[in-house]
$ cat my_file_14.txt   # compact mmCIF, C-alpha atoms
# COMPACT_ATOMS: atom_id res chain seq x y z
CA MET A 1303 125.37 157.30 269.55
CA LEU A 1304 125.13 153.81 271.06
CA LYS A 1305 121.35 153.97 270.81
CA TYR A 1306 121.67 154.78 267.10
CA LEU A 1307 123.93 151.77 266.58
CA THR A 1308 121.49 149.40 268.27
CA SER A 1309 118.17 150.77 266.98
CA LYS A 1310 116.44 150.31 263.61
CA TRP A 1311 117.46 152.71 260.84
CA ASN A 1312 114.91 154.48 258.68
CA PHE A 1313 115.10 154.33 254.89
CA LEU A 1314 116.85 157.72 254.65
CA ALA A 1315 119.83 156.70 256.81
CA ALA A 1316 120.09 153.23 255.25
CA GLY A 1317 119.77 154.50 251.67
CA ALA A 1318 122.35 157.26 252.16
CA THR A 1319 124.82 154.84 253.77
CA ILE A 1320 124.46 152.34 250.89
CA ALA A 1321 125.03 155.15 248.36
CA LEU A 1322 128.17 156.24 250.26
CA LEU A 1323 129.40 152.63 250.35
CA VAL A 1324 129.10 152.36 246.56
CA MET A 1325 131.01 155.63 246.13
CA PHE A 1326 133.76 154.38 248.48
CA PHE A 1327 134.04 151.24 246.36
CA LEU A 1328 134.38 153.26 243.17
CA TYR A 1329 136.87 155.69 244.70
CA LEU A 1330 139.06 153.33 246.72
CA LEU A 1331 139.07 150.23 244.51
CA ASP A 1332 138.20 151.75 241.12
CA THR A 1333 135.87 148.86 240.42
CA ALA A 1334 132.16 148.09 240.54
CA PRO A 1335 131.05 146.75 243.93
CA GLY A 1336 129.74 143.23 244.16
CA MET A 1337 130.83 139.68 244.67
CA ASP A 1338 129.96 137.84 241.47
CA ASP A 1339 133.63 136.95 240.83
CA ALA A 1340 133.91 135.57 244.37
CA PHE A 1341 130.76 133.49 243.74
CA ILE A 1342 132.25 132.11 240.51
CA VAL A 1343 135.53 131.24 242.28
CA LEU A 1344 133.63 129.65 245.20
CA SER A 1345 131.40 127.68 242.80
CA LYS A 1346 134.44 126.36 240.89
CA TYR A 1347 136.16 125.51 244.18
CA CYS A 1348 133.11 123.55 245.42
CA GLY A 1349 132.78 121.80 242.04
CA ASN A 1350 136.45 120.76 242.03
CA ALA A 1351 136.25 119.62 245.66
CA MET A 1352 133.21 117.44 244.84
CA GLU A 1353 134.85 115.98 241.70
CA ASP A 1354 138.18 115.20 243.39
CA LYS A 1355 136.51 114.30 246.71
CA SER A 1356 139.26 116.28 248.44
CA LEU A 1357 139.76 119.88 249.54
CA ASP A 1358 141.97 121.91 247.22
CA PRO A 1359 144.07 124.79 248.61
CA LEU A 1360 141.73 127.68 249.43
CA PRO A 1361 141.06 130.19 246.61
CA ARG A 1362 142.98 133.46 246.47
CA PHE A 1363 141.99 135.96 249.17
CA ASP A 1364 141.03 139.04 247.16
CA TRP A 1365 138.86 142.05 248.04
CA GLN A 1366 135.63 140.29 247.01
CA THR A 1367 136.28 137.35 249.35
CA ALA A 1368 137.21 139.86 252.06
CA PHE A 1369 133.95 141.72 251.36
CA ILE A 1370 131.92 138.53 251.93
CA ILE A 1371 133.73 137.83 255.22
CA GLY A 1372 133.17 141.46 256.21
CA ILE A 1373 129.41 141.19 255.54
CA ILE A 1374 129.12 138.10 257.74
CA LEU A 1375 131.13 139.75 260.54
CA GLY A 1376 129.23 143.04 260.22
CA ALA A 1377 125.87 141.29 260.46
CA PHE A 1378 127.12 139.29 263.45
CA ILE A 1379 128.27 142.46 265.24
CA ALA A 1380 124.98 144.25 264.45
CA THR A 1381 122.89 141.42 265.91
CA ALA A 1382 125.25 140.88 268.83
CA VAL A 1383 125.11 144.51 270.02
CA SER A 1384 121.30 144.55 269.87
CA ALA A 1385 120.92 141.04 271.35
CA GLU A 1386 119.18 139.79 268.21
CA PHE A 1387 121.69 137.02 267.48
CA LYS A 1388 119.92 133.69 267.43
CA LEU A 1389 121.06 130.35 266.05
CA GLU A 1390 118.27 129.05 263.81
CA ILE A 1391 118.51 125.93 261.68
CA PHE A 1392 115.08 126.38 260.02
CA PRO A 1393 113.18 129.54 259.05
CA ALA A 1394 110.87 130.83 261.79
CA ASP A 1395 107.73 130.11 259.74
CA ARG A 1396 108.75 126.49 259.12
CA GLN A 1397 109.70 125.57 262.70
CA ASN A 1398 107.54 122.96 264.44
CA LYS A 1399 105.71 122.18 261.20
CA GLY A 1400 106.78 118.59 260.94
CA PHE A 1401 109.55 116.59 259.34
CA PHE A 1402 108.56 117.15 255.71
CA SER A 1403 108.14 120.93 255.96
CA SER A 1404 111.23 121.59 258.07
CA LEU A 1405 113.75 119.14 256.66
CA ILE A 1406 112.73 118.72 253.02
CA LEU A 1407 110.42 121.49 251.84
CA SER A 1408 112.23 124.42 253.47
CA PRO A 1409 115.71 123.64 252.02
CA LEU A 1410 114.18 122.91 248.62
CA VAL A 1411 112.31 126.22 248.56
CA LEU A 1412 115.40 128.16 249.66
CA MET A 1413 117.65 126.37 247.16
CA SER A 1414 115.29 126.86 244.22
CA GLY A 1415 114.80 130.53 245.13
CA GLY A 1416 118.54 131.07 245.47
CA PHE A 1417 119.09 129.28 242.16
CA LEU A 1418 116.65 131.59 240.35
CA VAL A 1419 118.12 134.70 242.03
CA MET A 1420 121.65 133.90 240.88
CA PHE A 1421 120.50 132.66 237.44
CA GLY A 1422 118.78 136.00 236.83
CA LEU A 1423 121.79 137.96 238.04
CA GLN A 1424 124.21 135.91 235.91
CA LEU A 1425 121.97 136.39 232.89
CA ALA A 1426 122.11 140.14 233.42
CA GLY A 1427 125.87 139.79 233.99
CA ASP A 1428 126.17 141.45 237.37
CA SER A 1429 125.64 141.05 241.12
CA PHE A 1430 122.81 142.82 242.98
CA PHE A 1431 125.17 145.39 244.52
CA GLY A 1432 126.69 145.83 241.06
CA VAL A 1433 123.25 146.43 239.53
CA LEU A 1434 122.58 149.05 242.21
CA SER A 1435 125.90 150.72 241.44
CA SER A 1436 125.20 150.59 237.68
CA ALA A 1437 121.77 152.16 238.23
CA MET A 1438 123.51 155.03 240.05
CA GLN A 1439 125.76 155.40 236.98
CA LEU A 1440 122.62 155.66 234.82
CA SER A 1441 123.04 152.27 233.17
CA THR A 1442 120.06 151.47 230.93
CA GLY A 1443 120.52 147.72 231.48
CA ALA A 1444 120.51 148.09 235.29
CA TRP A 1445 117.26 150.10 235.16
CA ALA A 1446 115.69 147.52 232.83
CA PHE A 1447 116.74 144.80 235.29
CA LEU A 1448 115.43 146.62 238.38
CA LEU A 1449 112.12 147.59 236.77
CA SER A 1450 111.43 144.09 235.45
CA ALA A 1451 112.35 142.58 238.85
CA VAL A 1452 110.03 144.95 240.75
CA PHE A 1453 107.17 144.43 238.26
CA THR A 1454 107.57 140.63 238.54
CA ILE A 1455 107.52 140.78 242.34
CA PHE A 1456 104.45 143.02 242.29
CA PHE A 1457 102.69 140.75 239.81
CA ILE A 1458 103.33 137.59 241.89
CA ALA A 1459 102.51 139.49 245.11
CA ALA A 1460 99.24 140.78 243.67
CA VAL A 1461 98.23 137.25 242.62
CA ALA A 1462 99.17 135.96 246.09
CA VAL A 1463 97.20 138.73 247.86
CA VAL A 1464 94.11 138.10 245.70
CA LYS A 1465 94.35 134.34 246.39
CA LEU A 1466 94.73 135.01 250.14
CA GLU A 1467 91.72 137.32 250.17
CA LYS A 1468 89.65 134.72 248.33
CA GLY A 1469 90.81 132.21 250.93
CA ASP A 1470 92.27 129.68 248.45
CA MET B 584 141.85 163.99 242.09
CA HIS B 585 141.96 160.35 240.93
CA SER B 586 140.48 157.15 242.25
CA LEU B 587 142.96 155.30 244.49
CA ALA B 588 142.57 151.92 242.68
CA LEU B 589 144.00 149.96 245.62
CA THR B 590 145.22 146.41 245.02
CA GLY B 591 146.53 143.49 247.05
CA ALA B 592 146.40 143.56 250.86
CA SER B 593 145.15 147.14 251.07
CA ALA B 594 142.25 146.28 248.72
CA ALA B 595 141.41 143.24 250.87
CA THR B 596 141.46 145.43 254.00
CA VAL B 597 139.12 147.93 252.35
CA GLY B 598 136.93 144.99 251.24
CA ILE B 599 136.61 143.74 254.84
CA LEU B 600 135.88 147.24 256.19
CA LEU B 601 133.23 147.98 253.55
CA GLY B 602 131.78 144.50 254.08
CA LEU B 603 131.58 145.14 257.85
CA ILE B 604 129.66 148.36 257.25
CA SER B 605 127.41 146.69 254.63
CA GLY B 606 126.54 143.81 256.96
CA PHE B 607 125.85 146.22 259.79
CA VAL B 608 123.63 148.46 257.62
CA LEU B 609 121.68 145.49 256.24
CA VAL B 610 120.79 144.35 259.76
CA ARG B 611 120.05 147.82 261.15
CA SER B 612 117.83 148.66 258.16
CA GLU B 613 116.06 145.27 258.55
CA LEU B 614 116.82 144.27 254.95
CA VAL B 615 118.10 140.85 256.02
CA TRP B 616 114.92 139.61 257.69
CA GLU B 617 112.47 137.48 255.73
CA LYS B 618 109.63 139.32 257.49
CA THR B 619 110.61 142.57 255.73
CA PHE B 620 110.40 140.81 252.36
CA THR B 621 107.11 139.09 253.22
CA ASP B 622 105.59 142.40 254.36
CA PHE B 623 106.70 143.98 251.09
CA PHE B 624 105.18 141.14 249.04
CA MET B 625 101.92 141.53 250.97
CA LEU B 626 102.08 145.30 250.27
CA LYS B 627 102.32 146.10 253.99
CA ASN B 628 105.84 147.58 254.11
CA GLY B 629 107.66 149.31 251.26
CA LYS B 630 110.94 149.81 253.14
CA ILE B 631 113.01 147.61 250.79
CA VAL B 632 112.13 149.55 247.66
CA SER B 633 112.35 152.87 249.54
CA ILE B 634 115.92 152.11 250.65
CA ILE B 635 116.99 150.97 247.17
CA LEU B 636 115.43 154.00 245.46
CA PHE B 637 116.75 156.49 248.02
CA SER B 638 120.26 155.03 247.70
CA ILE B 639 119.98 155.41 243.92
CA CYS B 640 118.76 159.00 244.35
CA ILE B 641 121.74 159.97 246.54
CA GLY B 642 124.19 157.75 244.63
CA THR B 643 123.32 159.17 241.21
CA PHE B 644 123.91 162.69 242.48
CA LEU B 645 127.14 161.78 244.30
CA PHE B 646 128.48 159.84 241.32
CA PHE B 647 127.81 162.78 239.02
CA LEU B 648 129.72 165.18 241.32
CA LEU B 649 132.62 162.77 241.92
CA LYS B 650 132.91 162.03 238.20
CA LEU B 651 133.06 165.76 237.49
CA ALA B 652 135.89 166.00 240.03
CA GLY B 653 137.60 163.03 238.34
CA ALA B 654 137.55 160.95 241.53
CA VAL B 655 135.62 157.99 240.11
CA ASN B 656 135.35 156.22 236.78
CA CYS B 657 132.33 154.62 235.15
CA HIS B 658 132.13 150.85 235.83
CA ILE B 659 129.17 149.30 234.06
CA LYS B 660 129.21 145.68 232.98
CA PRO B 661 128.03 145.17 229.41
CA SER B 662 124.62 143.55 229.11
CA SER B 663 122.01 143.14 226.41
CA PHE B 664 118.56 144.65 226.87
CA TRP B 665 116.60 141.39 226.80
CA ALA B 666 119.13 139.59 229.02
CA SER B 667 118.59 142.34 231.63
CA VAL B 668 114.80 142.19 231.34
CA ILE B 669 114.56 138.37 231.44
CA GLY B 670 117.23 138.26 234.14
CA GLY B 671 115.17 140.73 236.18
CA VAL B 672 112.03 138.59 235.82
CA ILE B 673 113.86 135.40 236.92
CA PHE B 674 115.57 137.31 239.76
CA GLY B 675 112.22 138.74 240.93
CA ALA B 676 110.64 135.27 240.97
CA GLY B 677 113.62 133.92 242.92
CA VAL B 678 113.46 136.73 245.48
CA PHE B 679 109.74 136.05 245.95
CA ILE B 680 110.49 132.38 246.65
CA CYS B 681 113.50 132.62 248.98
CA LYS B 682 113.21 136.24 250.24
CA GLN B 683 116.95 136.76 249.90
CA VAL B 684 119.51 138.25 247.54
CA PRO B 685 123.20 137.20 247.63
CA ILE B 686 124.33 140.02 249.92
CA THR B 687 121.46 139.49 252.39
CA SER B 688 122.06 135.72 252.38
CA PHE B 689 125.58 136.24 253.71
CA ALA B 690 124.31 138.79 256.23
CA LEU B 691 121.51 136.44 257.31
CA PHE B 692 124.09 133.71 257.87
CA GLY B 693 126.06 136.17 260.00
CA THR B 694 123.02 136.73 262.20
CA GLY B 695 122.98 133.03 263.08
CA ARG B 696 120.25 131.98 260.65
CA VAL B 697 122.06 128.92 259.32
CA TYR B 698 119.30 128.12 256.80
CA ALA B 699 120.65 130.94 254.61
CA LEU B 700 123.24 128.39 253.52
CA TRP B 701 120.55 126.56 251.53
CA ALA B 702 119.86 129.68 249.47
CA LEU B 703 123.60 130.20 249.04
CA ALA B 704 123.95 126.58 247.84
CA GLY B 705 121.23 127.24 245.25
CA MET B 706 123.08 130.38 244.14
CA LEU B 707 126.33 128.45 243.77
CA LEU B 708 124.54 125.81 241.68
CA ALA B 709 123.18 128.49 239.33
CA ILE B 710 126.67 129.48 238.14
CA PRO B 711 127.55 126.15 236.44
CA ALA B 712 123.93 125.98 235.21
CA VAL B 713 124.32 129.31 233.39
CA ARG B 714 127.65 128.10 231.96
CA PHE B 715 125.93 124.88 230.84
CA CYS B 716 123.17 126.86 229.09
CA SER B 717 125.51 129.48 227.63
CA GLY B 718 125.24 128.14 224.06
CA PHE B 719 121.45 128.13 224.21
CA LEU B 720 121.39 131.60 225.82
CA SER B 721 123.71 133.02 223.15
CA ASP B 722 121.40 131.76 220.41
CA THR B 723 118.21 133.00 222.06
CA VAL B 724 118.27 135.70 224.79
CA TYR B 725 121.53 137.40 223.79
CA ALA B 726 120.66 137.24 220.07
CA LEU B 727 117.38 139.15 220.45
CA ASN B 728 117.32 142.69 219.11
CA PRO B 729 116.37 145.43 221.58
CA PRO B 730 112.99 147.12 220.92
CA PHE B 731 114.61 150.56 220.60
CA HIS B 732 118.01 152.13 219.91
CA TYR B 733 119.71 150.75 223.02
CA GLU B 734 122.61 152.68 224.54
CA LYS B 735 124.73 151.70 227.54
CA THR B 736 123.79 154.70 229.70
CA ILE B 737 120.72 156.93 229.97
CA ASP B 738 122.72 160.19 229.68
CA VAL B 739 123.30 159.42 225.98
CA TYR B 740 119.63 160.18 225.32
CA MET B 741 119.70 163.60 227.06
CA PRO B 742 122.19 166.02 228.67
CA GLY B 743 123.98 164.50 231.68
CA VAL B 744 122.74 167.04 234.25
CA LEU B 745 119.15 166.61 233.09
CA ALA B 746 119.42 162.80 233.24
CA VAL B 747 120.86 162.96 236.78
CA GLY B 748 118.16 165.41 237.87
CA ILE B 749 115.30 163.38 236.40
CA ILE B 750 116.54 160.03 237.76
CA SER B 751 117.27 161.48 241.22
CA PHE B 752 113.89 163.21 241.38
CA ILE B 753 111.91 160.16 240.23
CA ALA B 754 113.85 157.89 242.62
CA LEU B 755 113.22 160.28 245.55
CA LEU B 756 109.54 160.62 244.72
CA LEU B 757 108.97 156.87 244.36
CA SER B 758 111.01 156.18 247.48
CA ALA B 759 108.81 158.49 249.58
CA LEU B 760 105.69 157.13 247.92
CA PHE B 761 106.57 153.51 248.68
CA TYR B 762 107.54 154.34 252.25
CA PHE B 763 104.41 156.29 253.15
CA MET B 764 101.96 154.18 251.11
CA PHE B 765 103.01 150.90 252.67
CA SER B 766 104.26 152.00 256.12
CA GLY B 767 102.29 149.73 258.38
CA VAL B 768 104.42 147.25 260.24
CA SER B 769 108.12 146.55 260.26
CA ALA B 770 110.02 143.38 260.92
CA SER B 771 112.23 142.31 263.77
CA GLY B 772 114.76 139.53 263.87
CA ASP B 773 112.58 137.07 265.69
CA GLY B 774 109.72 137.58 263.25
CA LYS B 775 107.55 139.56 265.68
CA LYS B 776 105.68 142.56 264.35
CA SER B 777 106.56 145.99 265.68
CA ALA B 778 105.33 149.46 264.88
CA SER B 779 107.57 151.28 262.41
CA SER B 780 106.59 154.73 263.66
CA GLY B 781 104.61 156.31 266.40
CA LYS B 782 101.90 157.47 264.01
CA SER B 783 101.41 154.10 262.39
CA SER B 784 101.33 152.33 265.76
CA LYS B 785 98.64 154.73 266.96
CA LYS B 786 96.67 154.10 263.76
CA THR B 787 96.97 150.33 264.23
CA ARG B 788 95.88 150.59 267.86
CA GLY B 789 93.00 152.82 266.84
CA LYS B 790 91.78 150.34 264.23
CA LYS B 791 92.08 147.46 266.68
CA GLY B 792 90.10 149.46 269.25
CA LYS B 793 87.30 150.07 266.80
$ encode --input "my_file_14.txt" --output "structure tokens"
Amino acid sequence: MLKYLTSKWNFLAAGATIALLVMFFLYLLDTAPGMDDAFIVLSKYCGNAMEDKSLDPLPRFDWQTAFIIGIILGAFIATAVSAEFKLEIFPADRQNKGFFSSLILSPLVLMSGGFLVMFGLQLAGDSFFGVLSSAMQLSTGAWAFLLSAVFTIFFIAAVAVVKLEKGD
Amino acid sequence: MHSLALTGASAATVGILLGLISGFVLVRSELVWEKTFTDFFMLKNGKIVSIILFSICIGTFLFFLLKLAGAVNCHIKPSSFWASVIGGVIFGAGVFICKQVPITSFALFGTGRVYALWALAGMLLAIPAVRFCSGFLSDTVYALNPPFHYEKTIDVYMPGVLAVGIISFIALLLSALFYFMFSGVSASGDGKKSASSGKSSKKTRGKKGK
């Protein structure tokens, strides 16, 4: 049992657990899983704090905020039990690559990527976990979203692979 | 049998518990690591898509049974066809750039990779940006007509059981296909490559030997 908790899971175990999690959400909370509302609240909180230059009272602690805290704790426990926990300020591929790459380029790349990820999700009106849940409920929009996302990734990946093979 | 529809402190407790399991699963299934995403983009490891598709396969079937029993209700957020498609394209480009989605960003932060905060900051900035562009989006993306008679769920086009069967079967087939087509190397937290299965490691060793 302990070995199972510390080893890597195959796609069958991981996929089945995620499906069960979504069903628990729907049964216990009678709502779609996700954290888009928590993101909106957090974004407003940060915006207000920057405008007023002071910290407002913390936003209401609802199930979505609790879910985010749970994810962070769960990931910490998972890495702690398998001795994978490591404090890293910069991504592994950007470490020791100089001031510009580590301190300027890396945050910019991550921020722009994160911006696009959330922009796309907000445009579709859901969070990623919510899209997954909607796809399980046979939502046409969720399938359109997932298919277009996968095709885009494959298109960019194919271009990148061809460029790498050509040695550009 | 009805859904419990918990609220207040009990809902927050359930949220923490489900979050704990989610974070744990994301790390154990290697979905948090950038290496898993990079390997997928380089068509070396299809584990991400396999997990997503297999969860949809099981979830579709479970949801159908639970809905028949009256234990769950349908919760789909309304979206227009073109908003979903364009949103998917922008999302895909973003994932390619930062190799994270919101849920994995939080999990990555939990594993001690503090740089996930940069991606989270970008995500937080996107919310006021969408609000700022809402007028423009309403006139353009949301105003576009779908290319076909667009319904909210797929089971409107065919009987429910058939839709569930087809979606589950296709998801299972694609999930297996992605896993076995691209099962070469898998990622570990420190970015080192490791063999995902005994067979593949033997194959790799064999190729190296030759």
$ axis_aligned_box --input "my_file_14.txt" --around "region 1409-1426 of chain A" --padding-each-side "4 Å" --output "AutoDock Vina command-line options"
--center_x 118.3 --center_y 131.5 --center_z 242.5 --size_x 19.9 --size_y 25.2 --size_z 27.1
$ closest_residue --input "my_file_14.txt" --among "B:Leu626, B:His585, B:Ser593, B:Phe752" --to "Val1461 (chain A)" --atoms "only C-alpha atoms"
B:Leu626
$ atom_distance --input "my_file_14.txt" --atom1 "CA of Val1463 (chain A)" --atom2 "CA of Met625 (chain B)"
6.3 Å
$ residues_around --input "my_file_14.txt" --residues "region 1379-1395 of chain A" --least-positions-apart "4" --cutoff "10 Å" --atoms "all atoms listed in the file" --output "VMD selection string"
(chain A and resid 1304 to 1305 1307 to 1310 1373 to 1375 1399 1403 to 1405 1408 to 1409 1412) or (chain B and resid 603 to 604 606 to 611 617 to 618 690 692 to 700 771 to 774)
$ atom_distance --input "my_file_14.txt" --atom1 "CA of Ala595 (chain B)" --atom2 "CA of Ala1377 (chain A)"
18.4 Å
$ build_atoms --input "my_file_14.txt" --residues "region 609-634 of chain B" --atoms "N, CA, C and O atoms" --output "CSV table (one decimal), in the coordinates of the input"
chain,number,residue,atom,x,y,z
B,609,LEU,N,122.8,146.4,256.7
B,609,LEU,CA,121.7,145.5,256.2
B,609,LEU,C,120.9,145.0,257.4
B,609,LEU,O,119.6,144.9,257.3
B,610,VAL,N,121.5,144.8,258.6
B,610,VAL,CA,120.8,144.4,259.8
B,610,VAL,C,120.0,145.5,260.4
B,610,VAL,O,118.8,145.4,260.7
B,611,ARG,N,120.7,146.7,260.5
B,611,ARG,CA,120.0,147.8,261.2
B,611,ARG,C,118.9,148.3,260.3
B,611,ARG,O,117.9,148.8,260.9
B,612,SER,N,118.9,148.2,259.0
B,612,SER,CA,117.8,148.7,258.2
B,612,SER,C,116.8,147.6,258.0
B,612,SER,O,115.8,147.8,257.2
B,613,GLU,N,117.0,146.4,258.6
B,613,GLU,CA,116.1,145.3,258.6
B,613,GLU,C,116.0,144.6,257.2
B,613,GLU,O,115.0,143.9,256.9
B,614,LEU,N,116.9,144.9,256.3
B,614,LEU,CA,116.8,144.3,255.0
B,614,LEU,C,117.1,142.8,255.0
B,614,LEU,O,116.8,142.1,254.0
B,615,VAL,N,117.7,142.3,256.0
B,615,VAL,CA,118.1,140.8,256.0
B,615,VAL,C,116.9,140.0,256.4
B,615,VAL,O,116.9,138.8,256.0
B,616,TRP,N,116.0,140.5,257.2
B,616,TRP,CA,114.9,139.6,257.7
B,616,TRP,C,113.9,139.2,256.6
B,616,TRP,O,113.5,140.1,255.8
B,617,GLU,N,113.5,138.0,256.7
B,617,GLU,CA,112.5,137.5,255.7
B,617,GLU,C,111.2,138.2,255.9
B,617,GLU,O,110.4,138.4,255.0
B,618,LYS,N,110.9,138.6,257.2
B,618,LYS,CA,109.6,139.3,257.5
B,618,LYS,C,109.5,140.6,256.7
B,618,LYS,O,108.4,141.0,256.2
B,619,THR,N,110.6,141.3,256.5
B,619,THR,CA,110.6,142.6,255.7
B,619,THR,C,110.2,142.3,254.3
B,619,THR,O,109.4,143.0,253.7
B,620,PHE,N,110.7,141.2,253.7
B,620,PHE,CA,110.4,140.8,252.4
B,620,PHE,C,108.9,140.4,252.3
B,620,PHE,O,108.2,140.8,251.4
B,621,THR,N,108.5,139.6,253.2
B,621,THR,CA,107.1,139.1,253.2
B,621,THR,C,106.1,140.3,253.3
B,621,THR,O,105.2,140.3,252.6
B,622,ASP,N,106.4,141.2,254.2
B,622,ASP,CA,105.6,142.4,254.4
B,622,ASP,C,105.5,143.2,253.1
B,622,ASP,O,104.5,143.8,252.7
B,623,PHE,N,106.7,143.3,252.4
B,623,PHE,CA,106.7,144.0,251.1
B,623,PHE,C,105.8,143.2,250.1
B,623,PHE,O,105.1,143.9,249.3
B,624,PHE,N,106.0,141.9,250.0
B,624,PHE,CA,105.2,141.1,249.0
B,624,PHE,C,103.7,141.3,249.3
B,624,PHE,O,102.9,141.2,248.4
B,625,MET,N,103.3,141.4,250.6
B,625,MET,CA,101.9,141.5,251.0
B,625,MET,C,101.5,143.0,251.0
B,625,MET,O,100.4,143.3,251.5
B,626,LEU,N,102.3,143.9,250.4
B,626,LEU,CA,102.1,145.3,250.3
B,626,LEU,C,101.8,146.0,251.6
B,626,LEU,O,101.0,146.9,251.7
B,627,LYS,N,102.5,145.5,252.7
B,627,LYS,CA,102.3,146.1,254.0
B,627,LYS,C,103.5,147.0,254.3
B,627,LYS,O,103.3,147.9,255.2
B,628,ASN,N,104.6,146.8,253.7
B,628,ASN,CA,105.8,147.6,254.1
B,628,ASN,C,106.7,147.8,252.9
B,628,ASN,O,107.2,146.8,252.3
B,629,GLY,N,106.9,149.0,252.5
B,629,GLY,CA,107.7,149.3,251.3
B,629,GLY,C,109.1,149.7,251.5
B,629,GLY,O,109.7,150.4,250.7
B,630,LYS,N,109.6,149.3,252.7
B,630,LYS,CA,110.9,149.8,253.1
B,630,LYS,C,112.1,149.4,252.2
B,630,LYS,O,113.0,150.1,251.9
B,631,ILE,N,111.9,148.1,251.7
B,631,ILE,CA,113.0,147.6,250.8
B,631,ILE,C,113.2,148.5,249.6
B,631,ILE,O,114.3,149.0,249.3
B,632,VAL,N,112.1,148.7,248.9
B,632,VAL,CA,112.1,149.6,247.7
B,632,VAL,C,112.5,151.0,248.0
B,632,VAL,O,113.3,151.6,247.3
B,633,SER,N,112.0,151.5,249.1
B,633,SER,CA,112.4,152.9,249.5
B,633,SER,C,113.8,153.0,249.7
B,633,SER,O,114.4,154.0,249.3
B,634,ILE,N,114.5,152.0,250.4
B,634,ILE,CA,115.9,152.1,250.6
B,634,ILE,C,116.7,152.1,249.3
B,634,ILE,O,117.6,152.9,249.1
